[in-house]
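Below is data.csv, holding CSV, C-alpha atoms and all ligand atoms.
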chain,number,residue,atom,x,y,z
A,1044,MET,CA,-14.1,-15.3,-7.1
A,1045,ARG,CA,-11.4,-17.2,-5.1
A,1046,HIS,CA,-8.1,-15.6,-4.3
A,1047,ARG,CA,-5.1,-17.7,-3.5
A,1048,LEU,CA,-3.3,-16.6,-0.4
A,1049,THR,CA,0.4,-16.4,-0.9
A,1050,ARG,CA,3.1,-16.1,1.7
A,1051,SER,CA,6.4,-14.3,1.2
A,1052,GLN,CA,9.3,-13.1,3.2
A,1053,VAL,CA,9.8,-9.4,3.6
A,1054,ARG,CA,13.1,-7.8,2.5
A,1055,THR,CA,13.2,-4.4,4.1
A,1056,ALA,CA,15.7,-2.0,2.6
A,1057,ALA,CA,13.7,-1.0,-0.5
A,1058,ALA,CA,10.4,-1.5,1.4
A,1059,THR,CA,11.5,1.0,4.0
A,1060,GLN,CA,12.5,3.5,1.4
A,1061,LEU,CA,9.1,3.1,-0.2
A,1062,LEU,CA,7.3,3.4,3.1
A,1063,ASP,CA,9.1,6.7,3.8
A,1064,SER,CA,7.8,7.9,0.5
A,1065,LEU,CA,4.3,6.7,1.3
A,1066,HIS,CA,4.5,8.6,4.6
A,1067,ARG,CA,5.4,11.8,2.7
A,1068,TYR,CA,2.6,11.2,0.3
A,1069,VAL,CA,-0.1,10.6,2.9
A,1070,TYR,CA,0.9,13.5,5.1
A,1071,GLY,CA,1.5,15.9,2.1
A,1072,ASN,CA,5.2,16.5,2.8
A,1073,PRO,CA,7.0,16.1,-0.5
A,1074,LEU,CA,10.8,16.3,-0.4
A,1075,ASP,CA,11.0,18.7,-3.3
A,1076,MET,CA,9.2,20.1,-6.3
A,1077,ASN,CA,9.8,17.0,-8.4
A,1078,GLU,CA,8.2,14.8,-5.7
A,1079,ARG,CA,5.3,17.3,-5.3
A,1080,LEU,CA,4.5,17.0,-9.0
A,1081,MET,CA,4.8,13.3,-8.9
A,1082,PHE,CA,2.4,13.1,-5.9
A,1083,GLU,CA,-0.1,15.3,-7.8
A,1084,ASP,CA,0.0,12.8,-10.7
A,1085,VAL,CA,-1.2,9.9,-8.6
A,1086,PRO,CA,-4.8,9.2,-9.8
A,1087,LEU,CA,-6.1,8.9,-6.3
A,1088,LEU,CA,-9.7,9.5,-7.2
A,1089,ASP,CA,-9.6,6.5,-9.6
A,1090,TYR,CA,-8.2,4.3,-6.8
A,1091,ALA,CA,-10.8,5.6,-4.4
A,1092,LEU,CA,-13.7,4.8,-6.7
A,1093,ALA,CA,-12.2,1.3,-7.4
A,1094,ALA,CA,-12.6,0.8,-3.6
A,1095,ALA,CA,-16.4,0.7,-4.1
A,1096,GLU,CA,-15.6,-3.0,-3.5
A,1097,PRO,CA,-12.8,-4.7,-1.5
A,1098,LEU,CA,-10.1,-5.9,-4.0
A,1099,PRO,CA,-6.9,-7.8,-3.3
A,1100,GLN,CA,-5.1,-5.1,-5.2
A,1101,THR,CA,-5.9,-2.3,-2.8
A,1102,ALA,CA,-5.8,1.4,-3.4
A,1103,LEU,CA,-2.7,1.3,-1.2
A,1104,HIS,CA,-1.0,-1.2,-3.5
A,1105,ARG,CA,-1.7,1.1,-6.4
A,1106,VAL,CA,-0.3,4.2,-4.7
A,1107,LEU,CA,2.8,2.2,-3.6
A,1108,TYR,CA,3.3,1.0,-7.1
A,1109,ASP,CA,3.1,4.6,-8.5
A,1110,LEU,CA,5.6,5.8,-5.9
A,1111,ALA,CA,7.9,2.8,-6.6
A,1112,TYR,CA,7.7,3.4,-10.4
A,1113,ASN,CA,8.6,7.0,-9.9
A,1114,SER,CA,11.6,6.2,-7.8
A,1115,TRP,CA,13.1,3.0,-9.3
A,1116,TYR,CA,11.8,2.8,-12.8
A,1117,VAL,CA,12.5,6.4,-13.6
A,1118,ALA,CA,16.1,5.8,-12.3
A,1119,TYR,CA,16.3,2.7,-14.5
A,1120,ASP,CA,15.1,4.6,-17.5
A,1121,ASP,CA,17.7,7.3,-16.8
A,1122,LEU,CA,20.7,5.0,-16.5
A,1123,GLU,CA,23.8,6.6,-18.0
A,1124,PHE,CA,25.7,4.5,-20.5
A,1125,ALA,CA,29.1,6.2,-20.6
A,1126,ALA,CA,31.7,3.5,-20.1
A,1127,ASP,CA,33.0,5.0,-16.8
A,1128,LEU,CA,29.5,5.1,-15.4
A,1129,LEU,CA,28.6,1.5,-16.0
A,1130,PRO,CA,29.9,0.2,-12.7
A,1131,GLU,CA,27.6,2.6,-10.8
A,1132,ALA,CA,24.6,1.6,-13.0
A,1133,ARG,CA,25.4,-2.0,-12.4
A,1134,ASP,CA,25.5,-1.5,-8.6
A,1135,PHE,CA,22.1,0.1,-8.8
A,1136,LEU,CA,20.7,-2.9,-10.8
A,1137,ALA,CA,22.4,-5.5,-8.6
A,1138,ILE,CA,20.8,-4.1,-5.4
A,1139,THR,CA,17.4,-3.5,-7.0
A,1140,PHE,CA,17.2,-6.9,-8.7
A,1141,GLN,CA,18.2,-8.5,-5.4
A,1142,GLU,CA,15.3,-6.7,-3.6
A,1143,MET,CA,13.0,-8.0,-6.3
A,1144,ARG,CA,14.3,-11.6,-5.9
A,1145,ILE,CA,15.1,-11.6,-9.6
A,1146,PRO,CA,18.5,-12.8,-10.8
A,1147,MET,CA,20.2,-9.9,-12.6
A,1148,PRO,CA,20.1,-10.7,-16.4
A,1149,SER,CA,23.6,-11.7,-17.6
A,1150,GLU,CA,23.5,-9.1,-20.5
A,1151,PHE,CA,24.3,-6.4,-17.9
A,1152,ALA,CA,27.7,-7.9,-17.3
A,1153,THR,CA,29.2,-6.0,-20.2
A,1154,GLU,CA,31.7,-3.2,-20.6
A,1155,ASP,CA,30.2,-2.1,-23.9
A,1156,PRO,CA,27.8,0.9,-23.4
A,1157,ASP,CA,25.7,0.0,-26.5
A,1158,ALA,CA,25.2,-3.6,-25.3
A,1159,PHE,CA,24.3,-2.3,-21.8
A,1160,ARG,CA,21.7,0.1,-23.3
A,1161,ALA,CA,20.3,-2.8,-25.3
A,1162,ALA,CA,20.0,-4.9,-22.2
A,1163,ARG,CA,18.2,-2.0,-20.4
A,1164,ASP,CA,15.7,-1.8,-23.2
A,1165,LYS,CA,15.2,-5.5,-23.4
A,1166,HIS,CA,14.6,-6.0,-19.7
A,1167,ALA,CA,12.4,-2.9,-19.0
A,1168,GLU,CA,9.2,-4.9,-18.6
A,1169,LEU,CA,10.9,-7.4,-16.3
A,1170,PHE,CA,12.2,-4.5,-14.1
A,1171,ALA,CA,8.7,-2.8,-14.1
A,1172,ARG,CA,7.0,-6.0,-13.0
A,1173,GLY,CA,9.7,-6.7,-10.4
A,1174,LEU,CA,8.6,-3.5,-8.6
A,1175,TYR,CA,5.6,-5.5,-7.4
A,1176,PHE,CA,7.9,-7.4,-5.1
A,1177,ILE,CA,8.9,-4.2,-3.4
A,1178,VAL,CA,5.3,-3.0,-3.3
A,1179,ASP,CA,4.2,-6.3,-1.6
A,1180,ASP,CA,7.0,-6.0,1.0
A,1181,ALA,CA,6.0,-2.4,1.8
A,1182,PHE,CA,2.3,-3.4,1.9
A,1183,ALA,CA,3.0,-6.2,4.3
A,1184,ILE,CA,4.5,-3.7,6.8
A,1185,ALA,CA,2.0,-0.9,6.2
A,1186,TRP,CA,-0.9,-3.3,6.8
A,1187,ARG,CA,-0.1,-3.2,10.5
A,1188,MET,CA,0.5,0.6,10.7
A,1189,ARG,CA,-3.0,1.7,11.7
A,1190,ALA,CA,-2.3,5.4,11.9
A,1191,ILE,CA,-1.0,5.7,8.4
A,1192,LEU,CA,-3.8,3.4,7.0
A,1193,SER,CA,-6.4,5.6,8.7
A,1194,ALA,CA,-4.7,8.8,7.3
A,1195,PHE,CA,-4.5,7.2,3.8
A,1196,ASN,CA,-8.2,6.4,3.9
A,1197,GLU,CA,-9.0,9.9,4.9
A,1198,ARG,CA,-7.1,11.1,1.8
A,1199,LEU,CA,-9.2,8.6,-0.4
A,1200,ALA,CA,-12.4,9.9,1.3
A,1201,ALA,CA,-11.4,13.5,0.5
A,1202,THR,CA,-11.5,12.7,-3.2
A,1203,ILE,CA,-15.0,11.1,-2.9
A,1204,ARG,CA,-16.6,13.7,-0.7
A,1205,PRO,CA,-17.1,16.5,-3.3
A,1206,LEU,CA,-18.7,14.1,-5.9
A,1207,ARG,CA,-22.3,14.2,-6.9
A,1208,VAL,CA,-24.2,10.9,-7.2
A,1209,THR,CA,-24.4,11.5,-11.0
A,1210,ASP,CA,-20.6,11.8,-11.3
A,1211,ASP,CA,-19.9,8.1,-11.2
A,1212,LYS,CA,-22.2,5.0,-11.4
A,1213,ARG,CA,-20.4,3.4,-8.4
A,1214,LEU,CA,-21.8,6.1,-6.0
A,1215,VAL,CA,-25.0,5.5,-4.2
A,1216,ALA,CA,-25.5,9.1,-3.0
A,1217,ASP,CA,-23.5,12.3,-3.1
A,1218,GLY,CA,-20.0,11.6,-1.8
A,1219,ARG,CA,-21.0,8.1,-0.8
A,1220,LEU,CA,-19.8,4.6,-1.8
A,1221,PRO,CA,-22.0,1.5,-1.4
A,1222,ARG,CA,-22.1,-0.7,1.7
A,1223,VAL,CA,-20.7,-4.2,1.0
A,1224,SER,CA,-23.1,-6.8,2.5
A,1225,ARG,CA,-20.4,-9.4,3.1
A,1226,LEU,CA,-16.6,-9.3,3.2
A,1227,PRO,CA,-14.8,-11.9,1.2
A,1228,ALA,CA,-13.3,-14.8,3.2
A,1229,TRP,CA,-9.7,-13.8,2.3
A,1230,LEU,CA,-10.2,-10.4,3.8
A,1231,MET,CA,-12.0,-11.6,7.0
A,1232,SER,CA,-9.2,-14.0,7.7
A,1233,ASN,CA,-6.5,-11.3,7.1
A,1234,LEU,CA,-8.4,-8.9,9.4
A,1235,LEU,CA,-8.8,-11.5,12.1
A,1236,ALA,CA,-5.1,-12.5,11.9
A,1237,ARG,CA,-4.0,-8.9,12.1
A,1238,GLU,CA,-6.2,-8.2,15.2
A,1239,THR,CA,-5.3,-11.7,16.6
A,1240,GLY,CA,-9.0,-12.3,17.0
A,1241,LEU,CA,-9.5,-9.4,19.4
A,1242,CYS,CA,-11.7,-6.3,19.3
A,1243,HIS,CA,-9.6,-3.4,18.1
A,1244,GLU,CA,-11.2,-1.0,20.7
A,1245,CYS,CA,-11.5,-3.0,23.9
A,1246,GLY,CA,-9.4,-6.1,23.3
A,1247,ARG,CA,-12.1,-8.7,24.0
A,1248,PRO,CA,-11.9,-11.9,22.0
A,1249,VAL,CA,-14.3,-12.1,19.1
A,1250,ALA,CA,-13.0,-15.1,17.2
A,1251,ALA,CA,-14.4,-18.6,17.5
A,1252,ALA,CA,-10.9,-20.0,17.6
A,1253,LEU,CA,-10.3,-18.1,20.9
A,1254,GLY,CA,-13.5,-19.7,22.4
A,1255,SER,CA,-15.6,-16.6,21.8
A,1256,ALA,CA,-19.3,-17.1,21.1
A,1257,GLU,CA,-19.5,-13.6,19.6
A,1258,SER,CA,-19.2,-12.9,15.9
A,1259,PRO,CA,-16.7,-10.2,14.9
A,1260,HIS,CA,-18.1,-7.0,13.6
A,1261,VAL,CA,-16.4,-5.3,10.8
A,1262,ASP,CA,-16.0,-1.5,11.1
A,1263,HIS,CA,-15.1,1.1,8.5
A,1264,VAL,CA,-12.3,3.2,10.0
A,1265,ILE,CA,-13.5,6.2,7.8
A,1266,ALA,CA,-17.2,5.6,7.8
A,1267,LEU,CA,-19.1,5.4,4.6
A,1268,ALA,CA,-21.2,8.4,5.8
A,1269,HIS,CA,-17.9,10.3,5.8
A,1270,SER,CA,-17.0,9.2,2.2
A,1271,GLY,CA,-14.9,6.3,3.4
A,1272,GLY,CA,-14.6,3.3,1.1
A,1273,ASN,CA,-14.4,-0.4,1.0
A,1274,ASP,CA,-10.7,-0.6,0.5
A,1275,PRO,CA,-9.3,-3.5,2.6
A,1276,THR,CA,-7.1,-1.0,4.4
A,1277,ASN,CA,-10.2,0.8,5.7
A,1278,PHE,CA,-11.5,-2.1,7.8
A,1279,ARG,CA,-11.0,-3.2,11.4
A,1280,ILE,CA,-12.5,-5.8,13.7
A,1281,LEU,CA,-14.7,-4.7,16.7
A,1282,CYS,CA,-16.9,-6.6,19.2
A,1283,ALA,CA,-20.7,-5.9,18.8
A,1284,PRO,CA,-20.9,-3.5,21.8
A,1285,CYS,CA,-18.0,-1.4,20.6
A,1286,ASN,CA,-19.3,-1.3,17.1
A,1287,LEU,CA,-22.8,-0.2,18.2
A,1288,ALA,CA,-21.4,2.4,20.5
A,1289,ARG,CA,-19.2,3.8,17.7
A,1290,GLY,CA,-21.9,4.5,15.1
A,1291,ALA,CA,-20.6,6.7,12.4
A,1292,LYS,CA,-18.6,8.9,14.8
A,1293,PRO,CA,-15.2,9.8,13.4
A,1294,VAL,CA,-12.3,8.0,15.1
A,1295,THR,CA,-8.7,8.8,15.4
A,1296,ILE,CA,-6.5,5.7,15.0
A,1297,VAL,CA,-3.1,5.7,16.6
A,1298,ASP,CA,-0.4,3.1,16.6
A,1299,GLN,CA,0.0,1.9,20.2
A,1300,PHE,CA,1.1,-1.1,22.2
A,1301,THR,CA,1.9,-1.8,25.8
A,1302,TRP,CA,5.4,-2.7,27.2
A,1303,PRO,CA,6.7,-2.8,30.7
A,1304,ASN,CA,8.5,0.3,31.8
A,1305,ALA,CA,12.0,-0.1,30.4
A,1306,ARG,CA,13.4,3.3,31.4
A,1307,PRO,CA,16.4,3.2,33.7
A,1308,PHE,CA,15.2,6.3,35.6
B,1401,ZN,ZN,-14.9,-4.1,21.9
Kindly return the structure encoded in the file as structure tokens.
Amino acid sequence: MRHRLTRSQVRTAAATQLLDSLHRYVYGNPLDMNERLMFEDVPLLDYALAAAEPLPQTALHRVLYDLAYNSWYVAYDDLEFAADLLPEARDFLAITFQEMRIPMPSEFATEDPDAFRAARDKHAELFARGLYFIVDDAFAIAWRMRAILSAFNERLAATIRPLRVTDDKRLVADGRLPRVSRLPAWLMSNLLARETGLCHECGRPVAAALGSAESPHVDHVIALAHSGGNDPTNFRILCAPCNLARGAKPVTIVDQFTWPNARPF
């Protein structure tokens, strides 16, 4: 199967809000009881099992969509239609449709509460589909946040770990998903682009485009032996020596970069 690669610009206001919510989800810090219940409703085991193979719609996309739905769609569904509240509802719609790059449907430019309600019902599906734009924006940012990707994959692994091999046909042993023999080209190119062709551990070049004769090794951040999966967010690029030295040892991934000392004292 071929997957078309698309490019898009990231708008960040809604994406940042969604990433905050992802952070609370991954680290188990719900804002309140409502959010706690909403987090518990995310069918994470289904998403973890779907990661038996690497798919363009990753487990992270699915969780981000659930979180977005529970924030923006529930608000859309709860819009108040009393005449004096229409301006507030319209502000919410204007901002959200702009984040989705969708022109706000003209039917919302009405002062009649019944017509406004009819417009809400008519465009519910448009609004729900529009949330994918916010999800794509948040994913584009999260894709480079290694620490949260690593913690997210640990959460996926925790749902797989207690399973017996007989619980689901995608499992190859108790608590274990299959090894994928070859990653699809779209995923390899995205991993190499993210790592800029360098080994994630030691920083040596592993991409032919950088003049390296070595082939990049693909490493599961949460090893299959520890119930990690093949979600695209669970891979990184290593050089052969780093990969062989690593084995199935658990690793802690942190976000880090180098910068000259900028402190004035
Ligand atoms: Zn290395």
**Item:** Proximity to ligand ZN 1401 (chain B) - best of A:Ala1158, A:Leu1129, A:Leu1226, A:Val1261, only C-alpha atoms and all ligand atoms
**Value:**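 Checking each candidate against ligand ZN 1401 (chain B), we get A:Val1261 as the closest.
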**Item:** Non-local contacts of His1263 (chain A) (9 Å; all atoms listed in the file; under 2 positions in same chain excluded) as a ChimeraX atom specification
**Value:** /A:1261,1265-1267,1271-1273,1277-1279,1291
**Message:** Can you pull out the residues contacting Ser1114 (chain A)? Cut-off 12 Å, using all atoms listed in the file, and skip same-chain residues under 6 positions away; I want them as a PyMOL selection string.
**Reply:** chain A and resi 1057+1060-1061+1063-1065+1077-1078+1081-1082+1107-1108+1120-1121+1139+1171+1174+1177
**Prompt:** If we count all atoms listed in the file, what is near Thr1295 (chain A) at a cut-off of 9 Å, once residues fewer than 6 positions away on the same chain are taken out, given as a list in words?
**Reply:** Ala1190, Ser1193 and Val1264 of chain A
**Message:** Around ligand ZN 1401 (chain B), which protein and nucleic acid residues have at least one atom no more than 10 Å from it, if we count all atoms listed in the file? List them as a ChimeraX atom specification.
**Reply:** /A:1241-1249,1259-1260,1280-1289
**Prompt:** Of the residues A:Asp1157, A:Pro1146, A:Phe1151, A:Ile1203, which is the one nearest to Ala1126 (chain A), using only C-alpha atoms?
**Reply:**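 The closest residue to Ala1126 (chain A) is A:Asp1157.
Atom pair CA of Ala1228 (chain A) / CA of Asp1179 (chain A) has a distance of 20.0 Å (rounded to one decimal).
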Exercise: Ala1137 (chain A) partners within 12 Å, only C-alpha atoms, chain neighbours under 4 positions left out, as a short mmCIF file (atom, residue, chain, number, x, y, z; two decimals) with C-alpha atoms, in the frame of the given file:
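Saved to out_17.cif:
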data_model
loop_
_atom_site.label_atom_id
_atom_site.label_comp_id
_atom_site.auth_asym_id
_atom_site.auth_seq_id
_atom_site.Cartn_x
_atom_site.Cartn_y
_atom_site.Cartn_z
CA TYR A 1119 16.30 2.70 -14.50
CA LEU A 1129 28.60 1.50 -16.00
CA PRO A 1130 29.90 0.20 -12.70
CA GLU A 1131 27.60 2.60 -10.80
CA ALA A 1132 24.60 1.60 -13.00
CA ARG A 1133 25.40 -2.00 -12.40
CA GLN A 1141 18.20 -8.50 -5.40
CA GLU A 1142 15.30 -6.70 -3.60
CA MET A 1143 13.00 -8.00 -6.30
CA ARG A 1144 14.30 -11.60 -5.90
CA ILE A 1145 15.10 -11.60 -9.60
CA PRO A 1146 18.50 -12.80 -10.80
CA MET A 1147 20.20 -9.90 -12.60
CA PRO A 1148 20.10 -10.70 -16.40
CA SER A 1149 23.60 -11.70 -17.60
CA PHE A 1151 24.30 -6.40 -17.90
CA ALA A 1152 27.70 -7.90 -17.30
CA PHE A 1170 12.20 -4.50 -14.10
#
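With distances taken over all atoms listed in the file, A:Ala1236 is the one residue among A:Ala1102, A:Val1069, A:Ala1236, A:Leu1092 lying closest to Arg1187 (chain A).
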**Request:** Take CA of Val1208 (chain A) and CA of Asp1274 (chain A) and report the distance between them in Å, one decimal.
**Result:**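 A separation of 19.3 Å between them.
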**Prompt:** What is the distance, in Å and to one decimal place, between CA of Tyr1116 (chain A) and CA of Thr1059 (chain A)?
**Reply:**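 So the answer is 16.9 Å.
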**Pick from A:Ser1232, A:Gln1100, A:Ala1181, A:Ala1256, whichever lies nearest to His1066 (chain A) using only C-alpha atoms** =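 Looking only at the distances to His1066 (chain A), the closest residue turns out to be A:Ala1181.
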**Request:** Compare A:Ile1191, A:Leu1128, A:Leu1169, A:Ile1296 by their minimum atom-to-atom distance to Phe1140 (chain A), counting only C-alpha atoms, and give me the closest one.
**Result:**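 Result for the nearest residue to Phe1140 (chain A): A:Leu1169.
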